[in-house]
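> See final37.tsv below, with TSV, C-alpha atoms.
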chain	number	residue	atom	x	y	z
A	1	MET	CA	-79.39	82.88	36.79
A	2	LEU	CA	-79.43	80.77	33.67
A	3	LYS	CA	-77.27	77.66	33.73
A	4	PRO	CA	-75.35	75.52	31.22
A	5	GLY	CA	-77.79	73.83	28.87
A	6	ASP	CA	-80.29	76.72	28.88
A	7	ALA	CA	-80.95	78.57	25.65
A	8	ALA	CA	-79.57	82.11	25.70
A	9	PRO	CA	-82.41	84.65	25.55
A	10	PRO	CA	-82.27	86.60	22.28
A	11	PHE	CA	-81.51	90.31	22.39
A	12	ASP	CA	-81.32	93.28	20.07
A	13	LEU	CA	-79.82	96.30	21.80
A	14	PRO	CA	-78.20	99.66	21.01
A	15	CYS	CA	-74.46	99.52	21.40
A	16	ALA	CA	-71.22	101.44	21.14
A	17	LEU	CA	-68.43	100.05	18.98
A	18	ASP	CA	-65.40	101.72	17.42
A	19	ASP	CA	-66.56	105.12	18.73
A	20	LYS	CA	-69.87	104.74	16.85
A	21	LEU	CA	-73.40	104.03	17.97
A	22	SER	CA	-75.29	101.12	16.37
A	23	ARG	CA	-77.37	98.05	17.29
A	24	LEU	CA	-76.43	94.46	17.85
A	25	SER	CA	-78.59	91.37	18.10
A	26	LEU	CA	-77.56	87.94	19.27
A	27	ALA	CA	-78.84	86.52	16.01
A	28	SER	CA	-76.50	88.75	14.00
A	29	ILE	CA	-73.34	87.47	15.68
A	30	ARG	CA	-71.68	85.03	13.31
A	31	SER	CA	-68.84	83.64	15.41
A	32	GLU	CA	-68.86	80.03	16.60
A	33	MET	CA	-68.93	81.03	20.25
A	34	VAL	CA	-69.85	84.13	22.18
A	35	VAL	CA	-68.51	85.40	25.48
A	36	LEU	CA	-71.27	87.57	26.93
A	37	PHE	CA	-70.24	89.42	30.06
A	38	PHE	CA	-72.40	91.64	32.24
A	39	TYR	CA	-70.95	94.37	34.45
A	40	PRO	CA	-72.63	96.90	36.76
A	41	HIS	CA	-71.58	100.32	35.50
A	42	ASP	CA	-69.57	102.38	33.08
A	43	PHE	CA	-67.34	104.92	34.78
A	44	SER	CA	-66.49	102.66	37.66
A	45	PHE	CA	-63.18	101.91	39.36
A	46	ILE	CA	-64.01	98.22	39.69
A	47	CYS	CA	-64.89	97.12	36.16
A	48	PRO	CA	-62.24	98.70	33.89
A	49	THR	CA	-59.52	96.13	34.56
A	50	GLU	CA	-61.60	93.30	33.15
A	51	VAL	CA	-63.14	95.46	30.39
A	52	ILE	CA	-59.61	96.39	29.27
A	53	GLY	CA	-58.43	92.81	29.87
A	54	PHE	CA	-60.99	91.43	27.39
A	55	HIS	CA	-59.97	94.15	24.92
A	56	LYS	CA	-56.30	93.19	25.17
A	57	SER	CA	-57.08	89.49	24.71
A	58	GLN	CA	-59.52	89.96	21.88
A	59	ALA	CA	-57.13	88.55	19.27
A	60	ALA	CA	-56.79	85.33	21.28
A	61	PHE	CA	-60.58	85.00	21.53
A	62	LYS	CA	-60.93	85.73	17.84
A	63	ALA	CA	-58.46	82.96	17.09
A	64	GLU	CA	-60.87	80.66	18.93
A	65	GLN	CA	-63.77	81.85	16.73
A	66	THR	CA	-65.24	83.64	19.72
A	67	SER	CA	-66.85	87.08	19.90
A	68	ILE	CA	-66.85	89.19	23.02
A	69	VAL	CA	-69.92	91.21	23.95
A	70	ALA	CA	-70.25	93.32	27.09
A	71	VAL	CA	-73.54	94.47	28.63
A	72	SER	CA	-74.48	97.00	31.27
A	73	VAL	CA	-77.51	99.18	32.03
A	74	ASP	CA	-75.79	102.34	30.79
A	75	ASP	CA	-76.99	103.96	27.57
A	76	ALA	CA	-75.05	103.65	24.33
A	77	GLU	CA	-73.73	107.23	24.38
A	78	THR	CA	-72.34	106.69	27.88
A	79	HIS	CA	-70.77	103.43	26.64
A	80	ARG	CA	-69.12	105.37	23.83
A	81	ARG	CA	-67.62	107.93	26.23
A	82	TRP	CA	-66.54	105.16	28.63
A	83	ALA	CA	-64.83	103.27	25.80
A	84	ARG	CA	-63.06	106.50	24.83
A	85	GLU	CA	-62.04	107.02	28.46
A	86	LEU	CA	-60.47	103.55	28.44
A	87	GLY	CA	-58.57	104.29	25.24
A	88	GLY	CA	-60.95	102.48	22.84
A	89	LEU	CA	-62.42	98.97	22.97
A	90	SER	CA	-62.43	96.39	20.20
A	91	TYR	CA	-65.76	94.76	21.12
A	92	PRO	CA	-69.29	96.16	21.51
A	93	LEU	CA	-70.72	97.51	24.75
A	94	LEU	CA	-74.47	96.82	24.74
A	95	ALA	CA	-76.90	99.28	26.30
A	96	ASP	CA	-79.35	97.24	28.35
A	97	GLU	CA	-81.22	100.24	29.77
A	98	GLY	CA	-83.75	99.02	32.29
A	99	GLY	CA	-81.96	95.68	32.56
A	100	LYS	CA	-84.37	93.62	30.43
A	101	VAL	CA	-81.62	91.36	29.04
A	102	ALA	CA	-79.87	91.08	32.40
A	103	ARG	CA	-83.20	89.99	33.91
A	104	ALA	CA	-83.68	87.45	31.12
A	105	PHE	CA	-80.31	85.94	32.01
A	106	GLY	CA	-81.18	86.13	35.71
A	107	VAL	CA	-78.30	88.42	36.58
A	108	PHE	CA	-80.08	91.68	37.39
A	109	ASP	CA	-79.50	93.08	40.88
A	110	GLU	CA	-82.90	94.55	41.74
A	111	SER	CA	-81.63	96.35	44.84
A	112	GLU	CA	-78.94	98.26	42.93
A	113	ASN	CA	-80.71	98.36	39.54
A	114	VAL	CA	-77.60	97.13	37.77
A	115	ALA	CA	-76.39	93.92	36.20
A	116	MET	CA	-74.31	91.61	38.34
A	117	ARG	CA	-70.79	90.71	37.27
A	118	ALA	CA	-71.66	87.59	35.32
A	119	THR	CA	-70.12	85.80	32.35
A	120	PHE	CA	-71.77	83.41	29.91
A	121	ILE	CA	-70.17	81.41	27.14
A	122	LEU	CA	-72.57	80.49	24.33
A	123	ASP	CA	-72.07	77.86	21.63
A	124	ALA	CA	-72.97	78.07	17.94
A	125	LYS	CA	-76.63	77.31	18.69
A	126	ARG	CA	-76.52	80.01	21.37
A	127	THR	CA	-76.96	77.52	24.14
A	128	ILE	CA	-75.24	78.39	27.38
A	129	LEU	CA	-72.17	76.21	27.95
A	130	TYR	CA	-70.69	78.04	30.90
A	131	ALA	CA	-72.08	80.53	33.41
A	132	VAL	CA	-70.36	82.23	36.32
A	133	ALA	CA	-71.11	85.24	38.54
A	134	SER	CA	-68.58	87.14	40.62
A	135	PRO	CA	-68.99	89.28	43.71
A	136	ILE	CA	-68.71	93.02	43.23
A	137	ASN	CA	-65.20	93.21	44.72
A	138	VAL	CA	-63.56	90.41	42.72
A	139	GLY	CA	-62.57	91.02	39.12
A	140	ARG	CA	-63.01	88.25	36.61
A	141	SER	CA	-60.04	86.46	35.10
A	142	VAL	CA	-59.90	87.03	31.38
A	143	GLY	CA	-57.29	84.26	31.13
A	144	GLU	CA	-59.65	81.82	32.85
A	145	THR	CA	-62.48	82.74	30.45
A	146	LEU	CA	-60.14	82.14	27.50
A	147	ARG	CA	-59.01	78.83	29.00
A	148	VAL	CA	-62.65	77.70	29.32
A	149	VAL	CA	-63.38	78.78	25.72
A	150	CYS	CA	-60.39	76.74	24.51
A	151	ALA	CA	-61.45	73.78	26.65
A	152	LEU	CA	-65.02	73.90	25.36
A	153	ARG	CA	-63.84	74.14	21.76
A	154	SER	CA	-61.41	71.25	22.22
A	155	GLY	CA	-64.36	68.86	22.60
A	156	LYS	CA	-62.28	66.83	25.06
A	157	LEU	CA	-62.55	65.97	28.72
A	158	CYS	CA	-60.44	68.64	30.33
A	159	PRO	CA	-59.15	67.98	33.84
A	160	ALA	CA	-58.58	70.61	36.48
A	161	ASP	CA	-56.11	73.30	35.45
A	162	TRP	CA	-56.18	72.03	31.88
A	163	GLN	CA	-54.36	74.34	29.53
A	164	PRO	CA	-54.48	74.52	25.73
A	165	GLY	CA	-51.81	72.24	24.23
A	166	SER	CA	-51.60	69.97	27.28
A	167	ASP	CA	-54.25	67.49	26.08
A	168	SER	CA	-52.44	65.16	23.70
A	169	ASP	CA	-53.47	62.11	25.74
A	170	THR	CA	-56.85	63.39	26.85
A	171	PRO	CA	-59.79	61.41	25.40
A	172	ASP	CA	-62.57	63.05	23.48
A	173	ALA	CA	-65.45	64.25	25.64
A	174	LYS	CA	-67.92	62.31	23.54
A	175	HIS	CA	-66.15	58.96	24.14
B	1	MET	CA	-56.36	136.64	48.90
B	2	PRO	CA	-59.24	134.14	48.65
B	3	ALA	CA	-57.21	131.37	50.33
B	4	LEU	CA	-56.58	133.55	53.36
B	5	LYS	CA	-60.26	134.43	53.59
B	6	THR	CA	-61.13	130.73	53.53
B	7	GLU	CA	-58.65	130.06	56.32
B	8	GLU	CA	-60.16	132.92	58.31
B	9	LYS	CA	-63.63	131.47	57.79
B	10	ARG	CA	-62.45	128.03	58.89
B	11	ARG	CA	-61.10	129.50	62.12
B	12	THR	CA	-64.37	131.36	62.63
B	13	PHE	CA	-66.27	128.08	62.24
B	14	GLU	CA	-63.96	126.41	64.76
B	15	ARG	CA	-64.57	129.25	67.22
B	16	LEU	CA	-68.31	129.03	66.63
B	17	ALA	CA	-68.17	125.33	67.48
B	18	ASN	CA	-67.49	126.40	71.11
B	19	ILE	CA	-70.68	128.43	71.33
B	20	ARG	CA	-72.40	125.22	72.44
B	21	GLU	CA	-70.20	125.05	75.57
B	22	ILE	CA	-70.64	128.76	76.32
B	23	VAL	CA	-74.42	128.84	75.91
B	24	PHE	CA	-74.88	125.52	77.70
B	25	GLY	CA	-72.59	126.61	80.57
B	26	VAL	CA	-74.14	130.06	81.04
B	27	GLN	CA	-77.67	128.74	80.78
B	28	ASP	CA	-77.02	125.88	83.17
B	29	GLY	CA	-75.20	128.14	85.65
B	30	VAL	CA	-77.99	130.70	85.61
B	31	LEU	CA	-80.80	128.14	85.81
B	32	THR	CA	-79.20	125.90	88.43
B	33	THR	CA	-78.31	128.79	90.72
B	34	ALA	CA	-81.64	130.56	90.23
B	35	GLY	CA	-83.36	127.26	90.96
B	36	VAL	CA	-81.23	126.70	94.09
B	37	LEU	CA	-81.90	130.25	95.31
B	38	ALA	CA	-85.63	129.98	94.61
B	39	GLY	CA	-85.91	126.53	96.14
B	40	LEU	CA	-83.89	127.33	99.28
B	41	SER	CA	-85.55	130.71	99.73
B	42	GLY	CA	-88.85	128.84	99.87
B	43	ALA	CA	-87.53	126.17	102.23
B	44	VAL	CA	-84.94	128.04	104.38
B	45	ALA	CA	-85.61	131.50	105.80
B	46	VAL	CA	-81.96	132.16	106.83
B	47	ARG	CA	-80.26	134.24	104.12
B	48	SER	CA	-76.67	133.23	104.93
B	49	GLN	CA	-77.56	129.54	104.63
B	50	VAL	CA	-79.16	130.16	101.25
B	51	ILE	CA	-76.03	132.03	100.05
B	52	LEU	CA	-73.69	129.34	101.39
B	53	ALA	CA	-75.68	126.58	99.72
B	54	ALA	CA	-75.84	128.52	96.44
B	55	LEU	CA	-72.06	129.16	96.52
B	56	ALA	CA	-71.39	125.49	97.19
B	57	SER	CA	-73.75	124.55	94.37
B	58	THR	CA	-72.00	127.04	92.05
B	59	VAL	CA	-68.49	125.72	92.73
B	60	ALA	CA	-69.59	122.09	92.54
B	61	GLY	CA	-71.60	122.80	89.38
B	62	ALA	CA	-68.76	124.63	87.62
B	63	LEU	CA	-66.27	121.86	88.44
B	64	SER	CA	-68.73	119.13	87.52
B	65	MET	CA	-69.78	120.74	84.26
B	66	GLY	CA	-66.20	121.56	83.28
B	67	ALA	CA	-64.98	118.04	84.09
B	68	GLY	CA	-68.00	116.54	82.34
B	69	ALA	CA	-67.42	118.57	79.20
B	70	TYR	CA	-63.70	117.67	79.21
B	71	LEU	CA	-64.30	113.95	79.76
B	72	GLY	CA	-67.13	113.86	77.22
B	73	ALA	CA	-65.09	115.63	74.54
B	74	HIS	CA	-62.02	113.51	75.33
B	75	ALA	CA	-63.97	110.24	75.08
B	76	GLU	CA	-65.67	111.35	71.88
B	77	SER	CA	-62.34	112.35	70.38
B	78	ALA	CA	-60.73	109.02	71.33
B	79	VAL	CA	-63.55	107.01	69.78
B	80	LEU	CA	-63.55	109.15	66.62
B	81	ARG	CA	-59.78	108.90	66.22
B	82	SER	CA	-59.89	105.14	66.56
B	83	GLU	CA	-62.70	104.96	63.99
B	84	LEU	CA	-60.75	107.26	61.69
B	85	GLU	CA	-57.70	105.00	61.90
B	86	ARG	CA	-59.83	101.99	61.02
B	87	VAL	CA	-61.38	103.81	58.05
B	88	ARG	CA	-57.93	104.92	56.82
B	89	ARG	CA	-56.62	101.37	57.05
B	90	GLU	CA	-59.57	100.02	55.08
B	91	SER	CA	-59.26	102.80	52.52
B	92	LYS	CA	-55.64	101.92	51.86
B	93	GLU	CA	-56.40	98.21	51.59
B	94	GLN	CA	-59.44	98.65	49.32
B	95	PRO	CA	-59.18	102.03	47.56
B	96	TYR	CA	-61.74	101.06	44.92
B	97	VAL	CA	-64.42	100.70	47.62
B	98	VAL	CA	-63.71	104.28	48.70
B	99	GLN	CA	-63.67	105.46	45.08
B	100	GLU	CA	-67.00	103.79	44.28
B	101	SER	CA	-68.58	105.05	47.51
B	102	LEU	CA	-67.45	108.58	46.70
B	103	ILE	CA	-69.00	108.36	43.23
B	104	GLU	CA	-72.26	107.25	44.85
B	105	ALA	CA	-72.10	110.03	47.45
B	106	LEU	CA	-71.47	112.64	44.76
B	107	GLY	CA	-74.30	111.12	42.73
B	108	LYS	CA	-76.70	111.59	45.65
B	109	GLU	CA	-75.73	115.24	45.68
B	110	GLY	CA	-76.63	115.62	42.02
B	111	LEU	CA	-73.43	114.81	40.11
B	112	SER	CA	-73.77	112.32	37.22
B	113	ARG	CA	-71.88	109.05	37.56
B	114	GLU	CA	-69.54	110.10	34.77
B	115	ALA	CA	-68.79	113.49	36.36
B	116	GLY	CA	-68.36	111.82	39.77
B	117	TYR	CA	-65.95	109.31	38.24
B	118	ARG	CA	-63.86	112.09	36.74
B	119	VAL	CA	-63.76	114.03	40.01
B	120	VAL	CA	-62.79	110.94	42.00
B	121	LYS	CA	-60.20	109.99	39.38
B	122	LEU	CA	-58.59	113.41	39.75
B	123	MET	CA	-58.62	113.09	43.54
B	124	SER	CA	-57.13	109.61	43.29
B	125	ALA	CA	-53.94	111.14	41.87
B	126	SER	CA	-53.18	112.06	45.48
B	127	PRO	CA	-54.16	109.30	47.94
B	128	ASN	CA	-54.22	111.80	50.82
B	129	VAL	CA	-56.77	113.96	49.00
B	130	LEU	CA	-58.86	110.87	48.28
B	131	TYR	CA	-58.77	109.55	51.86
B	132	ASN	CA	-59.36	112.94	53.50
B	133	THR	CA	-62.31	113.62	51.21
B	134	ALA	CA	-63.70	110.15	51.87
B	135	GLU	CA	-63.39	110.65	55.63
B	136	GLU	CA	-65.28	113.91	55.49
B	137	LYS	CA	-67.77	113.03	52.77
B	138	LEU	CA	-68.53	109.40	53.55
B	139	TYR	CA	-68.03	109.18	57.29
B	140	GLY	CA	-68.41	112.80	58.45
B	141	LEU	CA	-65.06	112.54	60.21
B	142	ALA	CA	-63.39	115.93	59.88
B	143	GLY	CA	-60.24	116.98	61.75
B	144	ALA	CA	-61.93	120.10	63.13
B	145	ALA	CA	-64.75	117.98	64.54
B	146	PHE	CA	-62.37	116.54	67.14
B	147	GLY	CA	-62.20	119.87	68.95
B	148	ASN	CA	-60.09	120.53	72.04
B	149	ALA	CA	-61.29	118.68	75.13
B	150	MET	CA	-59.34	120.93	77.55
B	151	LEU	CA	-60.75	124.10	75.98
B	152	ASP	CA	-64.26	122.63	75.98
B	153	GLY	CA	-64.00	121.81	79.70
B	154	LEU	CA	-62.54	125.20	80.59
B	155	LEU	CA	-65.16	127.13	78.63
B	156	MET	CA	-67.98	125.10	80.11
B	157	GLY	CA	-66.74	125.56	83.70
B	158	VAL	CA	-66.10	129.31	83.36
B	159	ALA	CA	-69.40	129.84	81.53
B	160	PHE	CA	-71.23	128.00	84.32
B	161	LEU	CA	-69.47	130.16	86.94
B	162	ILE	CA	-70.35	133.40	85.14
B	163	GLY	CA	-73.93	132.23	84.67
B	164	ALA	CA	-74.22	131.32	88.36
B	165	LEU	CA	-73.10	134.80	89.43
B	166	VAL	CA	-76.00	136.39	87.54
B	167	PRO	CA	-78.70	135.53	90.12
B	168	LEU	CA	-76.25	135.09	93.00
B	169	LEU	CA	-74.60	138.54	93.07
B	170	PRO	CA	-77.86	140.56	93.37
B	171	PHE	CA	-79.08	138.09	96.00
B	172	MET	CA	-75.88	138.61	98.03
B	173	MET	CA	-76.04	142.41	97.72
B	174	ILE	CA	-79.62	142.84	98.95
B	175	ALA	CA	-80.27	142.28	102.63
B	176	SER	CA	-83.71	140.66	102.48
B	177	VAL	CA	-84.24	137.15	101.15
B	178	HIS	CA	-87.28	138.03	99.11
B	179	GLY	CA	-85.81	141.29	97.82
B	180	GLY	CA	-82.61	139.47	96.80
B	181	LEU	CA	-84.60	136.72	95.17
B	182	ILE	CA	-86.63	139.20	93.13
B	183	ALA	CA	-83.45	141.04	92.06
B	184	GLY	CA	-81.73	137.74	91.24
B	185	MET	CA	-84.68	136.58	89.19
B	186	ALA	CA	-84.79	139.91	87.35
B	187	THR	CA	-81.10	139.73	86.34
B	188	THR	CA	-81.59	136.07	85.48
B	189	ALA	CA	-84.48	136.96	83.20
B	190	ILE	CA	-82.52	139.77	81.55
B	191	VAL	CA	-79.39	137.67	81.02
B	192	LEU	CA	-81.26	134.62	79.73
B	193	PHE	CA	-83.23	136.78	77.36
B	194	ALA	CA	-79.94	138.35	76.21
B	195	VAL	CA	-78.26	134.95	75.73
B	196	GLY	CA	-81.19	133.71	73.66
B	197	TYR	CA	-81.40	136.99	71.77
B	198	ILE	CA	-77.68	137.15	70.95
B	199	PHE	CA	-76.66	133.52	70.39
B	200	GLU	CA	-79.82	131.98	68.98
B	201	GLY	CA	-81.33	135.11	67.52
B	202	ARG	CA	-78.62	137.37	66.16
B	203	PHE	CA	-75.80	134.87	65.51
B	204	SER	CA	-78.06	132.43	63.69
B	205	GLY	CA	-79.64	135.24	61.67
B	206	GLU	CA	-83.15	134.53	62.92
B	207	ARG	CA	-85.63	137.07	61.61
B	208	ARG	CA	-87.16	137.65	65.05
B	209	PRO	CA	-84.34	137.29	67.59
B	210	ALA	CA	-86.59	138.54	70.38
B	211	LEU	CA	-88.52	135.26	70.07
B	212	ALA	CA	-85.35	133.28	70.75
B	213	GLY	CA	-84.72	135.48	73.80
B	214	LEU	CA	-88.25	134.92	75.06
B	215	ARG	CA	-87.84	131.15	74.59
B	216	PHE	CA	-84.80	131.18	76.87
B	217	LEU	CA	-86.65	133.33	79.33
B	218	ALA	CA	-89.67	131.01	79.39
B	219	ILE	CA	-87.45	128.01	80.14
B	220	ALA	CA	-85.71	129.91	82.94
B	221	LEU	CA	-88.91	131.09	84.54
B	222	SER	CA	-90.41	127.60	84.36
B	223	ALA	CA	-87.37	126.07	86.07
B	224	ALA	CA	-87.29	128.76	88.74
B	225	ILE	CA	-91.01	128.56	89.46
B	226	ILE	CA	-90.93	124.75	89.63
B	227	GLY	CA	-87.90	124.94	91.96
B	228	TYR	CA	-89.61	127.47	94.20
B	229	VAL	CA	-92.83	125.42	94.39
B	230	ILE	CA	-90.90	122.20	95.18
B	231	GLY	CA	-88.99	124.13	97.87
B	232	LEU	CA	-92.27	125.20	99.44
B	233	LEU	CA	-93.57	121.63	99.29
B	234	ILE	CA	-90.50	120.03	100.91
B	235	ALA	CA	-90.04	122.75	103.54
B	236	PRO	CA	-92.08	120.86	106.16
B	237	ILE	CA	-89.75	117.86	105.83
B	238	GLY	CA	-86.88	119.98	107.18
B	239	THR	CA	-88.82	120.73	110.33
B	240	VAL	CA	-89.48	117.04	111.20
B	241	PRO	CA	-87.38	116.14	114.28
B	242	VAL	CA	-84.99	113.23	113.75
B	243	GLY	CA	-84.38	110.50	116.35
When written as structure tokens, how does the structure in this file appear?


Amino acid sequence: MLKPGDAAPPFDLPCALDDKLSRLSLASIRSEMVVLFFYPHDFSFICPTEVIGFHKSQAAFKAEQTSIVAVSVDDAETHRRWARELGGLSYPLLADEGGKVARAFGVFDESENVAMRATFILDAKRTILYAVASPINVGRSVGETLRVVCALRSGKLCPADWQPGSDSDTPDAKH
Amino acid sequence: MPALKTEEKRRTFERLANIREIVFGVQDGVLTTAGVLAGLSGAVAVRSQVILAALASTVAGALSMGAGAYLGAHAESAVLRSELERVRRESKEQPYVVQESLIEALGKEGLSREAGYRVVKLMSASPNVLYNTAEEKLYGLAGAAFGNAMLDGLLMGVAFLIGALVPLLPFMMIASVHGGLIAGMATTAIVLFAVGYIFEGRFSGERRPALAGLRFLAIALSAAIIGYVIGLLIAPIGTVPVG
């Protein structure tokens, strides 16, 4: 699994967005930061809570100049139907059929032939700033991902349980 | 009404589940008693002693087989029920594990992940439907599989008794040991052939049921011949004076 400081491998994959099929490359994403999260399967009872959670919090991520991109090994058409099933999603679901991108990030589960539940936060240069993988039975915290995005963008030293707005006396990270 | 027909079929399947006890009991009763008669006829020349020993063997065999079938079924049922309770508890604590496992199980049977998801989602509307399906589909634990230990034991014992009478009655009715033995073996052969023919051949829809009957017959003859030969071999031991 890639770690903070590693360059994010480039990708250009088919995707489903706004009930349409298209393509998306890492290079074409213009936002300052990118939250890239891998999940095992569409049409699963484990993943939808976090997939919907990211959808509901998209405005908050957008306010932090951050795009959300989800990736699984399902094809784009399946992604489209899955997004419909969940009531529509406001971010793209990338079709990493065969798991090439998941392998490049080191989060492909060879025994199950699916991507692990892993989240990466990329900076403007598409360098990995944050990387975390979760076991199959534990859903990710969207709030925690947003908190880390805010902390990373603050450019300050953020202590444990730091929250946005609680850092008036916290020194800059570069000092 | 289709529902009634399904219920009727389910009951038929439950009844068919007891064929194992019946066939096993009859076959064992016939073979054991034929073996005892053949063995003792070779070793003991006195007819009344042979009959007495065969009767004792029949009663002991019927009781032993019946009790064994009852205890076996009871133990199996207890273990399965305990396992079922554990599975139900886990299913309630982690329903998504059951849901995902069901999708995988349906996928292995040819349903796409999407179709499996939709089926499981529908079933999830009623937790009982979800858990019962999971128990049957994932763990092979069906309510009917528990059976009835008392019935199993009773059927096994009675079947053994009936089977034992097949070679024993002709032997008791004919005055000479060898004549009785031949008659007993003849009825044994006919009954074993019939059991194989009916239960394995006709009931299972085998194209050549006579083959199933002959298979039963071959097993019976082998057991009887081996018993008779062993009886002849150990006969001298009975004549050795003790003390």

> Which chain B residues are at most 10 Å from chain A (counting only C-alpha atoms), as a count of residues only?

16

> Which residue out of A:Val148, A:Ala63, A:Val71, A:Leu122 has the minimum interatomic distance to Pro92 of chain A when only C-alpha atoms are used?

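For Pro92 of chain A, the nearest of the given residues is A:Val71.
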
> Which polymer residues have any atom within 12 Å of an atom of segment 197-210 of chain B, counting only C-alpha atoms, with same-chain residues fewer than 4 positions away left out, as a VMD selection string?

chain B and resid 16 18 to 24 26 to 27 189 to 193 214 to 217

> Which residue is closest to Val30 of chain B? Choose from B:Asn128, B:Ala218, B:Leu106, B:Thr187 and count only C-alpha atoms.

B:Thr187

> Could you check the closest approach to Met1 of chain A for each of A:Ala16, A:Leu157, A:Met116, A:Ala27 and tell me which residue wins, using all atoms listed in the file?

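For Met1 of chain A, the nearest of the given residues is A:Met116.
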
> Quick one, how far is atom CA of Gly153 of chain B from atom CA of Gly66 of chain B?

4.2 Å

> Could you check how far atom CA of Gly147 of chain B sits from atom CA of Glu109 of chain B, in Å to one decimal?

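One can read the atom CA of Gly147 of chain B to atom CA of Glu109 of chain B distance as 27.3 Å.
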
> With distances taken over all atoms listed in the file, which of B:Leu232, B:Ile237, B:Val158, B:Ile219 is nearest to Ala69 of chain B?

B:Val158

> Find, counting only C-alpha atoms, the residue in A:Ile52, A:Val73, A:Ala7, A:Ile29 that gets nearest to Asp96 of chain A.

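The shortest atom-to-atom distance to Asp96 of chain A comes from A:Val73.
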
> Compile the contact shell of Pro10 of chain A as a list in words: residues with an atom at most 10 Å away, counting all atoms listed in the file, same-chain residues fewer than 4 positions apart removed.

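Using all atoms listed in the file, the neighbours found are Ser25, Leu26, Ala27, Val101, Ala104, Phe105 and Arg126 of chain A.
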
> Residues within 12 Å of Pro14 of chain A, please, as a short mmCIF file (atom, residue, chain, number, x, y, z; two decimals) with C-alpha atoms, in the frame of the given file. Count only C-alpha atoms; anything in the same chain fewer than 4 positions from it doesn't count.


data_model
loop_
_atom_site.label_atom_id
_atom_site.label_comp_id
_atom_site.auth_asym_id
_atom_site.auth_seq_id
_atom_site.Cartn_x
_atom_site.Cartn_y
_atom_site.Cartn_z
CA LYS A 20 -69.87 104.74 16.85
CA LEU A 21 -73.40 104.03 17.97
CA SER A 22 -75.29 101.12 16.37
CA ARG A 23 -77.37 98.05 17.29
CA LEU A 24 -76.43 94.46 17.85
CA SER A 25 -78.59 91.37 18.10
CA LEU A 26 -77.56 87.94 19.27
CA ALA A 70 -70.25 93.32 27.09
CA VAL A 71 -73.54 94.47 28.63
CA SER A 72 -74.48 97.00 31.27
CA VAL A 73 -77.51 99.18 32.03
CA ASP A 74 -75.79 102.34 30.79
CA ASP A 75 -76.99 103.96 27.57
CA ALA A 76 -75.05 103.65 24.33
CA GLU A 77 -73.73 107.23 24.38
CA THR A 78 -72.34 106.69 27.88
CA HIS A 79 -70.77 103.43 26.64
CA ARG A 80 -69.12 105.37 23.83
CA PRO A 92 -69.29 96.16 21.51
CA LEU A 93 -70.72 97.51 24.75
CA LEU A 94 -74.47 96.82 24.74
CA ALA A 95 -76.90 99.28 26.30
CA ASP A 96 -79.35 97.24 28.35
CA GLU A 97 -81.22 100.24 29.77
#

> What does the distance between atom CA of Leu52 of chain B and atom CA of Val177 of chain B come to in Å, to one decimal place?

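Here the two named atoms are 13.1 Å from each other.
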
> Could you produce a table of the residues of segment 130-150 of chain A lying within 10 Å of segment 36-40 of chain A, with the nearest pair of atoms per residue and their separation in Å rounded to one decimal, using only C-alpha atoms, ordered by chain and increasing residue number, as JSON lines?


{"residue": "A:Ala131", "atom": "CA", "partner": "A:Leu36", "partner_atom": "CA", "distance": 9.6}
{"residue": "A:Val132", "atom": "CA", "partner": "A:Phe37", "partner_atom": "CA", "distance": 9.5}
{"residue": "A:Ala133", "atom": "CA", "partner": "A:Phe38", "partner_atom": "CA", "distance": 9.1}
{"residue": "A:Ser134", "atom": "CA", "partner": "A:Tyr39", "partner_atom": "CA", "distance": 9.8}
{"residue": "A:Ile136", "atom": "CA", "partner": "A:Pro40", "partner_atom": "CA", "distance": 8.5}
{"residue": "A:Arg140", "atom": "CA", "partner": "A:Phe37", "partner_atom": "CA", "distance": 9.8}

> Taking all atoms of segment 68-81 of chain A that the file lists and extending 8 Å past them on each side, where is the centre of the axis-aligned box and how long are its edges? Answer in Å to one decimal, as lines of an AutoDock Vina configuration file.


center_x = -72.2
center_y = 98.6
center_z = 27.5
size_x = 26.7
size_y = 34.7
size_z = 25.0

> Return the single residue from A:Phe120, A:Cys15, A:Arg147, A:Ala115 that is closest to Gly165 of chain A, with distances computed using all atoms listed in the file.

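The shortest atom-to-atom distance to Gly165 of chain A comes from A:Arg147.
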
> Set the distance at 10 Å and use all atoms listed in the file: which residues neighbour Asn148 of chain B once local chain neighbours fewer than 6 positions away are removed? I'd like the list as a PyMOL selection string.

chain B and resi 18+70+73-74+77

> For Leu37 of chain B, list every protein, DNA or RNA residue within 8 Å, evaluated using all atoms listed in the file, and leave out those in the same chain fewer than 2 positions away; present the list as a PyMOL selection string.

chain B and resi 33-35+39-41+50-51+54+168+181
